[in-house]
$ cat run-v7.pdb   # PDB, C-alpha atoms
ATOM      1  CA  MET A 784     107.001   5.866 -10.472
ATOM      2  CA  PRO A 785     103.665   7.511 -11.334
ATOM      3  CA  GLU A 786     101.251   7.592  -8.411
ATOM      4  CA  LEU A 787      97.481   8.023  -8.294
ATOM      5  CA  PRO A 788      97.246  11.601  -9.667
ATOM      6  CA  GLU A 789      99.570  10.894 -12.589
ATOM      7  CA  VAL A 790      97.718   7.700 -13.529
ATOM      8  CA  GLU A 791      94.374   9.480 -13.207
ATOM      9  CA  VAL A 792      95.548  12.168 -15.621
ATOM     10  CA  VAL A 793      96.353   9.449 -18.153
ATOM     11  CA  ARG A 794      93.026   7.690 -17.501
ATOM     12  CA  ARG A 795      91.079  10.855 -18.209
ATOM     13  CA  GLY A 796      92.885  11.320 -21.490
ATOM     14  CA  LEU A 797      92.194   7.734 -22.511
ATOM     15  CA  ALA A 798      88.521   8.061 -21.581
ATOM     16  CA  GLU A 799      88.258  11.028 -23.942
ATOM     17  CA  TRP A 800      90.097   9.447 -26.865
ATOM     18  CA  VAL A 801      89.394   5.693 -26.912
ATOM     19  CA  ALA A 802      86.022   5.016 -25.264
ATOM     20  CA  GLY A 803      83.555   3.550 -27.765
ATOM     21  CA  ARG A 804      86.175   2.811 -30.445
ATOM     22  CA  GLU A 805      86.755  -0.604 -32.009
ATOM     23  CA  ILE A 806      90.299  -1.964 -32.074
ATOM     24  CA  ALA A 807      91.624  -2.785 -35.538
ATOM     25  CA  SER A 808      95.088  -4.130 -34.731
ATOM     26  CA  ALA A 809      97.710  -4.547 -32.031
ATOM     27  CA  LYS A 810     101.408  -4.852 -32.767
ATOM     28  CA  VAL A 811     103.916  -5.806 -30.050
ATOM     29  CA  LEU A 812     107.385  -4.383 -30.667
ATOM     30  CA  HIS A 813     109.066  -5.534 -27.456
ATOM     31  CA  PRO A 814     108.209  -8.791 -25.600
ATOM     32  CA  ARG A 815     108.806  -7.353 -22.109
ATOM     33  CA  ALA A 816     105.875  -4.994 -22.578
ATOM     34  CA  VAL A 817     103.498  -8.002 -22.669
ATOM     35  CA  ARG A 818     105.547 -10.472 -20.616
ATOM     36  CA  ARG A 819     102.605 -11.537 -18.419
ATOM     37  CA  ASN A 820     100.214 -12.301 -21.271
ATOM     38  CA  GLU A 821      99.171 -15.888 -21.887
ATOM     39  CA  GLY A 822      98.074 -15.058 -25.433
ATOM     40  CA  ASP A 823      99.064 -12.792 -28.293
ATOM     41  CA  LEU A 824      97.616  -9.273 -28.209
ATOM     42  CA  ALA A 825      97.644  -9.248 -32.010
ATOM     43  CA  SER A 826      94.951 -11.942 -32.001
ATOM     44  CA  LEU A 827      93.175 -11.068 -28.726
ATOM     45  CA  LEU A 828      92.421  -7.358 -29.214
ATOM     46  CA  PRO A 829      91.170  -6.803 -32.807
ATOM     47  CA  GLY A 830      87.399  -6.502 -33.058
ATOM     48  CA  ARG A 831      86.911  -5.610 -29.401
ATOM     49  CA  VAL A 832      85.282  -2.307 -28.417
ATOM     50  CA  VAL A 833      86.707  -0.149 -25.637
ATOM     51  CA  ALA A 834      83.921   0.481 -23.134
ATOM     52  CA  SER A 835      85.647   3.113 -20.972
ATOM     53  CA  ALA A 836      88.878   3.838 -19.114
ATOM     54  CA  GLU A 837      89.095   2.891 -15.430
ATOM     55  CA  ARG A 838      91.639   3.157 -12.604
ATOM     56  CA  ARG A 839      92.397   1.735  -9.185
ATOM     57  CA  GLY A 840      95.430   3.158  -7.428
ATOM     58  CA  LYS A 841      98.396   3.053  -9.818
ATOM     59  CA  TYR A 842      96.725   0.674 -12.292
ATOM     60  CA  LEU A 843      94.466   1.625 -15.166
ATOM     61  CA  TRP A 844      92.518  -0.525 -17.594
ATOM     62  CA  LEU A 845      90.307  -0.450 -20.647
ATOM     63  CA  PRO A 846      87.225  -2.693 -20.273
ATOM     64  CA  LEU A 847      86.671  -4.495 -23.585
ATOM     65  CA  ARG A 848      83.399  -5.616 -25.167
ATOM     66  CA  GLU A 849      83.022  -8.320 -27.785
ATOM     67  CA  ASP A 850      80.674  -5.911 -29.595
ATOM     68  CA  PRO A 851      79.125  -2.511 -28.800
ATOM     69  CA  GLU A 852      76.066  -4.050 -27.091
ATOM     70  CA  SER A 853      77.627  -6.796 -24.940
ATOM     71  CA  PRO A 854      78.965  -6.298 -21.410
ATOM     72  CA  ALA A 855      82.720  -6.103 -20.897
ATOM     73  CA  GLU A 856      84.185  -9.386 -19.680
ATOM     74  CA  HIS A 857      87.865  -8.684 -20.338
ATOM     75  CA  ALA A 858      90.192  -5.714 -20.026
ATOM     76  CA  LEU A 859      93.517  -4.399 -21.200
ATOM     77  CA  LEU A 860      95.289  -3.699 -17.906
ATOM     78  CA  ALA A 861      98.224  -1.278 -17.826
ATOM     79  CA  HIS A 862     100.899  -0.505 -15.276
ATOM     80  CA  LEU A 863     103.222   2.321 -16.275
ATOM     81  CA  GLY A 864     106.164   1.195 -14.164
ATOM     82  CA  MET A 865     109.008   3.722 -13.994
ATOM     83  CA  SER A 866     108.736   5.245 -17.444
ATOM     84  CA  GLY A 867     105.657   3.913 -19.249
ATOM     85  CA  GLN A 868     103.636   6.320 -21.393
ATOM     86  CA  LEU A 869     100.262   5.784 -23.069
ATOM     87  CA  LEU A 870     100.120   8.268 -25.919
ATOM     88  CA  MET A 871      97.457   9.155 -28.465
ATOM     89  CA  ILE A 872      99.281   9.704 -31.768
ATOM     90  CA  GLU A 873      97.954  10.587 -35.210
ATOM     91  CA  PRO A 874      98.326   7.674 -37.668
ATOM     92  CA  GLY A 875     101.359   7.851 -39.910
ATOM     93  CA  LYS A 876     103.599   9.718 -37.484
ATOM     94  CA  PRO A 877     107.095   8.198 -36.957
ATOM     95  CA  ALA A 878     107.500   5.584 -34.233
ATOM     96  CA  GLU A 879     108.898   6.783 -30.917
ATOM     97  CA  LYS A 880     112.367   5.540 -29.959
ATOM     98  CA  HIS A 881     111.022   3.342 -27.158
ATOM     99  CA  LEU A 882     107.705   2.322 -28.724
ATOM    100  CA  ARG A 883     106.665  -1.091 -27.317
ATOM    101  CA  VAL A 884     103.037  -1.619 -28.404
ATOM    102  CA  ARG A 885     100.950   0.072 -31.097
ATOM    103  CA  ILE A 886      97.132  -0.230 -31.133
ATOM    104  CA  THR A 887      95.072   1.084 -34.048
ATOM    105  CA  PHE A 888      91.311   1.575 -34.381
ATOM    106  CA  ASN A 889      88.720   1.122 -37.111
ATOM    107  CA  ASP A 890      88.423   4.836 -37.805
ATOM    108  CA  ASP A 891      90.606   7.747 -38.818
ATOM    109  CA  GLY A 892      91.326   8.853 -35.244
ATOM    110  CA  PRO A 893      94.599   8.690 -33.308
ATOM    111  CA  GLU A 894      96.181   5.364 -32.399
ATOM    112  CA  LEU A 895      97.244   4.298 -28.913
ATOM    113  CA  ARG A 896     100.962   3.793 -28.369
ATOM    114  CA  PHE A 897     102.678   2.333 -25.309
ATOM    115  CA  VAL A 898     106.147   3.842 -24.980
ATOM    116  CA  ASP A 899     108.445   2.652 -22.198
ATOM    117  CA  GLN A 900     112.127   3.534 -22.007
ATOM    118  CA  ARG A 901     113.003   1.294 -19.058
ATOM    119  CA  THR A 902     110.542  -1.530 -19.883
ATOM    120  CA  PHE A 903     109.352  -1.952 -16.286
ATOM    121  CA  GLY A 904     105.740  -1.282 -17.273
ATOM    122  CA  HIS A 905     103.447  -3.727 -19.048
ATOM    123  CA  LEU A 906     100.099  -4.304 -20.751
ATOM    124  CA  LEU A 907      98.013  -7.360 -19.899
ATOM    125  CA  PHE A 908      94.863  -8.798 -21.495
ATOM    126  CA  CYS A 909      92.907 -10.383 -18.636
ATOM    127  CA  PRO A 910      89.412 -11.277 -17.407
ATOM    128  CA  LEU A 911      87.360  -8.919 -15.275
ATOM    129  CA  ALA A 912      86.420 -10.054 -11.764
ATOM    130  CA  VAL A 913      82.977  -9.109 -10.487
ATOM    131  CA  ARG A 914      83.149  -7.901  -6.875
ATOM    132  CA  PRO A 915      80.334  -6.600  -4.603
ATOM    133  CA  LEU A 916      81.333  -2.948  -4.894
ATOM    134  CA  ARG A 917      83.197  -2.834  -8.188
ATOM    135  CA  THR A 918      84.262  -4.961 -11.154
ATOM    136  CA  VAL A 919      88.045  -4.910 -11.541
ATOM    137  CA  PRO A 920      90.643  -6.891 -13.523
ATOM    138  CA  GLU A 921      91.336 -10.269 -11.952
ATOM    139  CA  PRO A 922      95.105  -9.678 -11.436
ATOM    140  CA  ILE A 923      94.474  -6.647  -9.205
ATOM    141  CA  ALA A 924      91.386  -7.861  -7.365
ATOM    142  CA  HIS A 925      93.503  -8.210  -4.200
ATOM    143  CA  ILE A 926      94.569  -4.560  -4.230
ATOM    144  CA  ALA A 927      92.766  -2.266  -1.796
ATOM    145  CA  PRO A 928      90.514   0.516  -3.080
ATOM    146  CA  ASP A 929      92.148   3.913  -3.339
ATOM    147  CA  PRO A 930      90.930   6.832  -1.188
ATOM    148  CA  PHE A 931      88.846   8.338  -4.024
ATOM    149  CA  GLU A 932      86.754   5.218  -4.656
ATOM    150  CA  THR A 933      83.282   4.809  -3.202
ATOM    151  CA  ALA A 934      84.466   1.330  -2.177
ATOM    152  CA  PHE A 935      87.033   2.885   0.185
ATOM    153  CA  ASP A 936      85.794   2.711   3.795
ATOM    154  CA  ASP A 937      87.492   5.226   6.096
ATOM    155  CA  ALA A 938      86.452   3.450   9.291
ATOM    156  CA  GLU A 939      87.651   0.061   8.067
ATOM    157  CA  PHE A 940      90.925   1.595   6.931
ATOM    158  CA  THR A 941      91.449   3.126  10.381
ATOM    159  CA  LEU A 942      90.888  -0.209  12.135
ATOM    160  CA  ARG A 943      93.203  -2.124   9.804
ATOM    161  CA  LEU A 944      95.848   0.591   9.954
ATOM    162  CA  ARG A 945      96.052   0.594  13.753
ATOM    163  CA  LYS A 946      96.459  -3.199  13.776
ATOM    164  CA  ARG A 947      99.461  -3.160  11.460
ATOM    165  CA  LEU A 948     102.003  -2.380  14.216
ATOM    166  CA  THR A 949     104.356  -0.658  11.824
ATOM    167  CA  GLY A 950     105.456   2.836  10.846
ATOM    168  CA  ILE A 951     102.801   5.021   9.258
ATOM    169  CA  LYS A 952     104.614   5.597   5.981
ATOM    170  CA  ARG A 953     105.287   1.910   5.492
ATOM    171  CA  ALA A 954     101.546   1.335   5.972
ATOM    172  CA  LEU A 955     100.627   4.060   3.471
ATOM    173  CA  LEU A 956     102.758   2.360   0.822
ATOM    174  CA  ASP A 957     101.080  -1.024   1.419
ATOM    175  CA  GLN A 958      98.791  -1.430  -1.612
ATOM    176  CA  SER A 959      96.788  -4.136   0.159
ATOM    177  CA  LEU A 960      95.747  -1.509   2.725
ATOM    178  CA  ILE A 961      95.330   1.586   0.565
ATOM    179  CA  SER A 962      96.242   1.834  -3.118
ATOM    180  CA  GLY A 963      97.599   4.707  -5.142
ATOM    181  CA  VAL A 964      99.768   6.394  -2.493
ATOM    182  CA  GLY A 965     103.473   6.327  -3.294
ATOM    183  CA  ASN A 966     106.619   7.924  -1.929
ATOM    184  CA  ILE A 967     105.870  11.470  -3.070
ATOM    185  CA  TYR A 968     102.323  11.844  -1.807
ATOM    186  CA  ALA A 969     102.980   9.879   1.392
ATOM    187  CA  ASP A 970     105.648  12.413   2.359
ATOM    188  CA  GLU A 971     103.444  15.347   1.402
ATOM    189  CA  ALA A 972     100.389  14.025   3.277
ATOM    190  CA  LEU A 973     102.436  13.233   6.387
ATOM    191  CA  TRP A 974     103.856  16.760   6.369
ATOM    192  CA  ARG A 975     100.384  18.258   6.139
ATOM    193  CA  ALA A 976      99.175  16.060   8.997
ATOM    194  CA  ARG A 977     102.333  16.819  11.067
ATOM    195  CA  LEU A 978     103.218  13.136  11.355
ATOM    196  CA  HIS A 979     106.704  11.663  11.231
ATOM    197  CA  TRP A 980     107.052   8.803   8.759
ATOM    198  CA  ALA A 981     108.146   6.398  11.551
ATOM    199  CA  ARG A 982     105.183   7.142  13.841
ATOM    200  CA  PRO A 983     103.810   3.746  15.024
ATOM    201  CA  THR A 984     100.388   3.086  13.534
ATOM    202  CA  GLU A 985      98.993   1.769  16.836
ATOM    203  CA  THR A 986      99.549   5.200  18.438
ATOM    204  CA  LEU A 987      97.276   7.014  16.004
ATOM    205  CA  THR A 988      93.828   8.115  17.114
ATOM    206  CA  GLY A 989      90.837   7.905  14.840
ATOM    207  CA  GLY A 990      90.890  11.670  14.532
ATOM    208  CA  LYS A 991      94.524  11.715  13.465
ATOM    209  CA  VAL A 992      93.923   9.035  10.833
ATOM    210  CA  ALA A 993      90.990  11.093   9.512
ATOM    211  CA  GLU A 994      93.287  14.122   9.329
ATOM    212  CA  LEU A 995      95.893  12.094   7.435
ATOM    213  CA  LEU A 996      93.320  10.783   4.946
ATOM    214  CA  ALA A 997      92.035  14.303   4.389
ATOM    215  CA  ALA A 998      95.604  15.478   3.777
ATOM    216  CA  ALA A 999      96.275  12.660   1.316
ATOM    217  CA  ARG A1000      93.094  13.380  -0.628
ATOM    218  CA  ALA A1001      93.786  17.114  -0.635
ATOM    219  CA  VAL A1002      97.364  16.910  -1.892
ATOM    220  CA  MET A1003      96.499  14.369  -4.593
ATOM    221  CA  THR A1004      93.523  16.469  -5.718
ATOM    222  CA  GLU A1005      95.793  19.509  -6.009
ATOM    223  CA  ALA A1006      98.377  17.473  -7.917
ATOM    224  CA  LEU A1007      95.690  16.235 -10.301
ATOM    225  CA  GLY A1008      94.681  19.820 -10.971
ATOM    226  CA  GLU A1009      98.241  20.596 -12.082
ATOM    227  CA  GLY A1010      98.628  17.512 -14.273
ATOM    228  CA  GLY A1011     100.573  15.470 -11.707
ATOM    229  CA  THR A1012     104.231  15.546 -10.734
ATOM    230  CA  SER A1013     106.984  15.259 -13.350
ATOM    231  CA  PHE A1014     110.651  15.160 -12.355
ATOM    232  CA  ASP A1015     112.419  13.619 -15.360
ATOM    233  CA  ARG A1016     109.837  14.235 -18.144
ATOM    234  CA  LEU A1017     109.200  10.507 -18.458
ATOM    235  CA  TYR A1018     105.753  10.944 -16.913
ATOM    236  CA  VAL A1019     103.438  12.658 -19.434
ATOM    237  CA  ASN A1020      99.740  12.682 -20.257
ATOM    238  CA  VAL A1021      98.291  11.125 -23.420
ATOM    239  CA  ASN A1022      99.255  14.249 -25.369
ATOM    240  CA  GLY A1023     102.890  14.031 -24.262
ATOM    241  CA  GLU A1024     102.649  16.945 -21.804
ATOM    242  CA  SER A1025     104.359  16.961 -18.393
ATOM    243  CA  GLY A1026     102.661  17.849 -15.108
ATOM    244  CA  TYR A1027     104.001  20.667 -12.935
ATOM    245  CA  PHE A1028     102.941  19.880  -9.349
ATOM    246  CA  ASP A1029     106.633  19.432  -8.466
ATOM    247  CA  ARG A1030     106.696  23.233  -8.123
ATOM    248  CA  SER A1031     104.154  22.974  -5.289
ATOM    249  CA  LEU A1032     105.731  20.174  -3.240
ATOM    250  CA  ALA A1033     106.338  21.149   0.375
ATOM    251  CA  VAL A1034     108.950  18.570   1.423
ATOM    252  CA  TYR A1035     109.547  15.836  -1.151
ATOM    253  CA  GLY A1036     112.887  16.376  -2.888
ATOM    254  CA  ARG A1037     113.449  19.597  -0.867
ATOM    255  CA  ARG A1038     116.389  18.515   1.302
ATOM    256  CA  ASP A1039     117.925  21.459   3.227
ATOM    257  CA  GLU A1040     115.337  23.879   1.835
ATOM    258  CA  PRO A1041     113.195  25.770   4.404
ATOM    259  CA  CYS A1042     109.963  24.191   5.543
ATOM    260  CA  PRO A1043     107.077  26.236   4.051
ATOM    261  CA  ARG A1044     105.392  26.235   7.471
ATOM    262  CA  CYS A1045     108.183  26.978   9.972
ATOM    263  CA  GLY A1046     111.380  27.585   8.012
ATOM    264  CA  THR A1047     113.342  24.655   9.459
ATOM    265  CA  PRO A1048     115.573  22.939   6.861
ATOM    266  CA  ILE A1049     113.912  19.845   5.404
ATOM    267  CA  ARG A1050     115.539  16.541   6.391
ATOM    268  CA  ARG A1051     116.140  13.553   4.144
ATOM    269  CA  ASP A1052     116.247  10.040   5.665
ATOM    270  CA  ALA A1053     116.921   6.691   4.021
ATOM    271  CA  PHE A1054     113.733   4.624   3.890
ATOM    272  CA  MET A1055     113.109   1.239   2.237
ATOM    273  CA  ASN A1056     115.822   1.739  -0.417
ATOM    274  CA  ARG A1057     114.464   5.198  -1.180
ATOM    275  CA  SER A1058     114.100   8.486   0.706
ATOM    276  CA  SER A1059     111.758  10.149   3.154
ATOM    277  CA  TYR A1060     111.553  13.914   3.472
ATOM    278  CA  SER A1061     110.177  15.644   6.553
ATOM    279  CA  CYS A1062     110.430  18.731   8.710
ATOM    280  CA  PRO A1063     112.302  18.003  12.001
ATOM    281  CA  LYS A1064     110.244  20.633  13.843
ATOM    282  CA  CYS A1065     106.753  20.087  12.393
ATOM    283  CA  GLN A1066     107.141  16.287  12.310
ATOM    284  CA  PRO A1067     109.099  15.259  15.442
ATOM    285  CA  ARG A1068     110.584  11.779  15.375
ATOM    286  CA  PRO A1069     109.030   9.254  17.791
ATOM    287  CA  ARG A1070     111.085   8.353  20.855
ATOM    288  CA  ASN A1071     111.099   4.650  21.718
ATOM    289  CA  GLY A1072     107.768   4.260  19.954
ATOM    290  CA  ARG A1073     105.945   6.224  22.672
ATOM    291  CA  TRP A1074     104.003   9.481  22.491
TER
END
$ encode --input "run-v7.pdb" --output "structure tokens"
Amino acid sequence: MPELPEVEVVRRGLAEWVAGREIASAKVLHPRAVRRNEGDLASLLPGRVVASAERRGKYLWLPLREDPESPAEHALLAHLGMSGQLLMIEPGKPAEKHLRVRITFNDDGPELRFVDQRTFGHLLFCPLAVRPLRTVPEPIAHIAPDPFETAFDDAEFTLRLRKRLTGIKRALLDQSLISGVGNIYADEALWRARLHWARPTETLTGGKVAELLAAARAVMTEALGEGGTSFDRLYVNVNGESGYFDRSLAVYGRRDEPCPRCGTPIRRDAFMNRSSYSCPKCQPRPRNGRW
């Protein structure tokens, strides 16, 4: 599933191509793509102007104005799921095999297409919720800020993290605590910070949490610079291009390969119906929860 860097790559492409444009039409080609909508996109979207493209964690949205001068009160919220793609396509080009929603604009520019092979992603027209630090779509107002937002408070995160009484990786994947971090970048950040994924959160010092946050921001910034991580070519940017950060991963998906730091073979462990990758030497497993 795309994580923060991959979604940010898509957001940047959308900001370049759709901001300021007026929607002419919306056609839904598969009901699962809009399964959470209470209304019909074909009647809700036309005439609205896209104000910008925004993101929080793994979600992105297009704030929508009633006209170019009015403030945005609604948004088109998108979650890419396992295979969702938001593509900018020149009008008249053939429909993609798994095209789910097509949005056109009142100009001659490219149209926005939502393509989703596995149909786990979705688009949702929803109201915006005004919050003290940031206005976000109502359905994701409960999600924590991601570590690149000005609304993210490192000190508050540290306090909440240490009270969780759980393993550090499980906490990193909790979107109510910190959004945007998924399996790939959790493993990579933990390797950089020399922390085992099962390390109890209550044993972490403030300094170690700061080191982990710095590692998470660094690895996601590097991934963003390389267009994100693509393993099966289902994740692409708005131009249909894959990212290539998978070539730079230190541990994720590298079972039995040498650790880039010490040469020890990388270990794979089962974790929450998925996998965790770590270096047995650089990231020693906790013993009886004590350090």
$ closest_atom_pairs --input "run-v7.pdb" --of "range 879-940 of chain A" --to "range 987-1011 of chain A" --cutoff "8 Å" --atoms "only C-alpha atoms" --output "Markdown table"
| residue | atom | partner | partner_atom | distance |
| --- | --- | --- | --- | --- |
| A:Pro930 | CA | A:Arg1000 | CA | 6.9 |
| A:Phe931 | CA | A:Arg1000 | CA | 7.4 |
| A:Asp937 | CA | A:Ala993 | CA | 7.6 |
$ resolve_selection --input "run-v7.pdb" --expression "the PyMOL selection byres ((chain A and resi 1053-1060) around 9)" --output "list in words"
Lys952, Arg953, Asn966, Ile967, Ala969, Asp970, Glu971, Trp974, Trp980, Val1034, Tyr1035, Gly1036, Arg1037, Arg1038, Ile1049, Arg1050, Arg1051, Asp1052, Ser1061 and Cys1062 of chain A
$ resolve_selection --input "run-v7.pdb" --expression "the PyMOL selection byres ((chain A and resi 811-814) around 9)" --output "list in words"
Ala809, Lys810, Arg815, Ala816, Val817, Arg818, Asp823, Leu824, Ala825, Leu882, Arg883, Val884, Arg885, Ile886 and Thr902 of chain A
$ atom_distance --input "run-v7.pdb" --atom1 "CA of Ile926 in chain A" --atom2 "CA of Leu1032 in chain A"
27.2 Å
$ residues_around --input "run-v7.pdb" --residues "Glu786 in chain A" --least-positions-apart "3" --cutoff "7 Å" --atoms "all atoms listed in the file" --output "JSON, numbers by chain"
{"A": [789, 790, 841, 963, 964, 965]}
$ write_last_selection --input "run-v7.pdb" --atoms "C-alpha atoms" --output "CSV table (one decimal), keeping the file's coordinate frame"
chain,number,residue,atom,x,y,z
A,789,GLU,CA,99.6,10.9,-12.6
A,790,VAL,CA,97.7,7.7,-13.5
A,841,LYS,CA,98.4,3.1,-9.8
A,963,GLY,CA,97.6,4.7,-5.1
A,964,VAL,CA,99.8,6.4,-2.5
A,965,GLY,CA,103.5,6.3,-3.3
$ residues_around --input "run-v7.pdb" --residues "range 915-925 of chain A" --least-positions-apart "2" --cutoff "9 Å" --atoms "all atoms listed in the file" --output "PyMOL selection string"
chain A and resi 837-839+842+844+846+857-860+909-913+927+933-934+958-959
$ closest_residue --input "run-v7.pdb" --among "A:Ile806, A:Met865, A:Leu895, A:Leu828" --to "Asn1022 in chain A" --atoms "only C-alpha atoms"
A:Leu895
$ residues_around --input "run-v7.pdb" --residues "Asp890 in chain A" --least-positions-apart "6" --cutoff "9 Å" --atoms "only C-alpha atoms" --output "list of chain:residue names"
A:Arg804, A:Glu805, A:Ala807
$ resolve_selection --input "run-v7.pdb" --expression "the PyMOL selection byres ((chain A and resi 870) around 6)" --output "list in words"
Leu869, Met871, Leu895, Arg896 and Val1021 of chain A
$ write_last_selection --input "run-v7.pdb" --atoms "C-alpha atoms" --output "PDB file, keeping the file's coordinate frame"
ATOM      1  CA  LEU A 869     100.262   5.784 -23.069  1.00  0.00           C
ATOM      2  CA  MET A 871      97.457   9.155 -28.465  1.00  0.00           C
ATOM      3  CA  LEU A 895      97.244   4.298 -28.913  1.00  0.00           C
ATOM      4  CA  ARG A 896     100.962   3.793 -28.369  1.00  0.00           C
ATOM      5  CA  VAL A1021      98.291  11.125 -23.420  1.00  0.00           C
TER       6      VAL A1021
END
$ closest_residue --input "run-v7.pdb" --among "A:Gly892, A:Pro1041, A:Gly1023, A:Pro1063" --to "Gly796 in chain A" --atoms "only C-alpha atoms"
A:Gly1023
$ closest_residue --input "run-v7.pdb" --among "A:Val898, A:Gln1066, A:Glu879, A:Val792" --to "Ala972 in chain A" --atoms "all atoms listed in the file"
A:Gln1066
$ closest_residue --input "run-v7.pdb" --among "A:Ala938, A:Gly875, A:Gly822, A:Phe908" --to "Glu856 in chain A" --atoms "all atoms listed in the file"
A:Phe908
$ build_atoms --input "run-v7.pdb" --residues "range 844-850 of chain A" --atoms "all heavy atoms" --output "PDB file, keeping the file's coordinate frame"
ATOM      1  N   TRP A 844      92.920   0.518 -16.645  1.00  0.00           N
ATOM      2  CA  TRP A 844      92.518  -0.525 -17.594  1.00  0.00           C
ATOM      3  C   TRP A 844      91.410  -0.036 -18.512  1.00  0.00           C
ATOM      4  O   TRP A 844      90.674   0.898 -18.201  1.00  0.00           O
ATOM      5  CB  TRP A 844      92.095  -1.797 -16.874  1.00  0.00           C
ATOM      6  CG  TRP A 844      90.846  -1.717 -16.060  1.00  0.00           C
ATOM      7  CD1 TRP A 844      89.575  -2.040 -16.440  1.00  0.00           C
ATOM      8  CD2 TRP A 844      90.745  -1.334 -14.658  1.00  0.00           C
ATOM      9  NE1 TRP A 844      88.697  -1.874 -15.394  1.00  0.00           N
ATOM     10  CE2 TRP A 844      89.379  -1.455 -14.296  1.00  0.00           C
ATOM     11  CE3 TRP A 844      91.664  -0.914 -13.699  1.00  0.00           C
ATOM     12  CZ2 TRP A 844      88.932  -1.146 -13.016  1.00  0.00           C
ATOM     13  CZ3 TRP A 844      91.218  -0.602 -12.418  1.00  0.00           C
ATOM     14  CH2 TRP A 844      89.859  -0.719 -12.101  1.00  0.00           C
ATOM     15  N   LEU A 845      91.345  -0.697 -19.671  1.00  0.00           N
ATOM     16  CA  LEU A 845      90.307  -0.450 -20.647  1.00  0.00           C
ATOM     17  C   LEU A 845      89.387  -1.662 -20.677  1.00  0.00           C
ATOM     18  O   LEU A 845      89.780  -2.721 -21.175  1.00  0.00           O
ATOM     19  CB  LEU A 845      90.914  -0.226 -22.039  1.00  0.00           C
ATOM     20  CG  LEU A 845      91.956   0.887 -22.165  1.00  0.00           C
ATOM     21  CD1 LEU A 845      92.505   0.925 -23.591  1.00  0.00           C
ATOM     22  CD2 LEU A 845      91.378   2.230 -21.763  1.00  0.00           C
ATOM     23  N   PRO A 846      88.168  -1.582 -20.145  1.00  0.00           N
ATOM     24  CA  PRO A 846      87.225  -2.693 -20.273  1.00  0.00           C
ATOM     25  C   PRO A 846      86.890  -2.910 -21.747  1.00  0.00           C
ATOM     26  O   PRO A 846      86.668  -1.949 -22.485  1.00  0.00           O
ATOM     27  CB  PRO A 846      85.994  -2.212 -19.481  1.00  0.00           C
ATOM     28  CG  PRO A 846      86.506  -1.116 -18.595  1.00  0.00           C
ATOM     29  CD  PRO A 846      87.612  -0.467 -19.369  1.00  0.00           C
ATOM     30  N   LEU A 847      86.849  -4.174 -22.168  1.00  0.00           N
ATOM     31  CA  LEU A 847      86.671  -4.495 -23.585  1.00  0.00           C
ATOM     32  C   LEU A 847      85.411  -5.313 -23.808  1.00  0.00           C
ATOM     33  O   LEU A 847      85.171  -6.307 -23.120  1.00  0.00           O
ATOM     34  CB  LEU A 847      87.891  -5.269 -24.100  1.00  0.00           C
ATOM     35  CG  LEU A 847      89.238  -4.563 -23.960  1.00  0.00           C
ATOM     36  CD1 LEU A 847      90.373  -5.513 -24.330  1.00  0.00           C
ATOM     37  CD2 LEU A 847      89.289  -3.309 -24.822  1.00  0.00           C
ATOM     38  N   ARG A 848      84.611  -4.892 -24.789  1.00  0.00           N
ATOM     39  CA  ARG A 848      83.399  -5.616 -25.167  1.00  0.00           C
ATOM     40  C   ARG A 848      83.659  -6.419 -26.431  1.00  0.00           C
ATOM     41  O   ARG A 848      84.448  -6.022 -27.285  1.00  0.00           O
ATOM     42  CB  ARG A 848      82.249  -4.637 -25.416  1.00  0.00           C
ATOM     43  CG  ARG A 848      81.817  -3.823 -24.208  1.00  0.00           C
ATOM     44  CD  ARG A 848      80.569  -3.025 -24.556  1.00  0.00           C
ATOM     45  NE  ARG A 848      79.998  -2.367 -23.396  1.00  0.00           N
ATOM     46  CZ  ARG A 848      79.908  -1.056 -23.238  1.00  0.00           C
ATOM     47  NH1 ARG A 848      80.363  -0.245 -24.195  1.00  0.00           N
ATOM     48  NH2 ARG A 848      79.360  -0.537 -22.160  1.00  0.00           N
ATOM     49  N   GLU A 849      82.943  -7.536 -26.546  1.00  0.00           N
ATOM     50  CA  GLU A 849      83.022  -8.320 -27.785  1.00  0.00           C
ATOM     51  C   GLU A 849      82.374  -7.561 -28.939  1.00  0.00           C
ATOM     52  O   GLU A 849      82.788  -7.674 -30.085  1.00  0.00           O
ATOM     53  CB  GLU A 849      82.316  -9.671 -27.590  1.00  0.00           C
ATOM     54  CG  GLU A 849      83.008 -10.602 -26.611  1.00  0.00           C
ATOM     55  CD  GLU A 849      84.217 -11.287 -27.224  1.00  0.00           C
ATOM     56  OE1 GLU A 849      84.454 -11.110 -28.433  1.00  0.00           O
ATOM     57  OE2 GLU A 849      84.927 -11.986 -26.492  1.00  0.00           O
ATOM     58  N   ASP A 850      81.341  -6.764 -28.618  1.00  0.00           N
ATOM     59  CA  ASP A 850      80.674  -5.911 -29.595  1.00  0.00           C
ATOM     60  C   ASP A 850      80.080  -4.735 -28.827  1.00  0.00           C
ATOM     61  O   ASP A 850      80.055  -4.741 -27.592  1.00  0.00           O
ATOM     62  CB  ASP A 850      79.579  -6.687 -30.351  1.00  0.00           C
ATOM     63  CG  ASP A 850      78.534  -7.268 -29.420  1.00  0.00           C
ATOM     64  OD1 ASP A 850      77.774  -6.470 -28.817  1.00  0.00           O
ATOM     65  OD2 ASP A 850      78.472  -8.505 -29.292  1.00  0.00           O
TER      66      ASP A 850
END
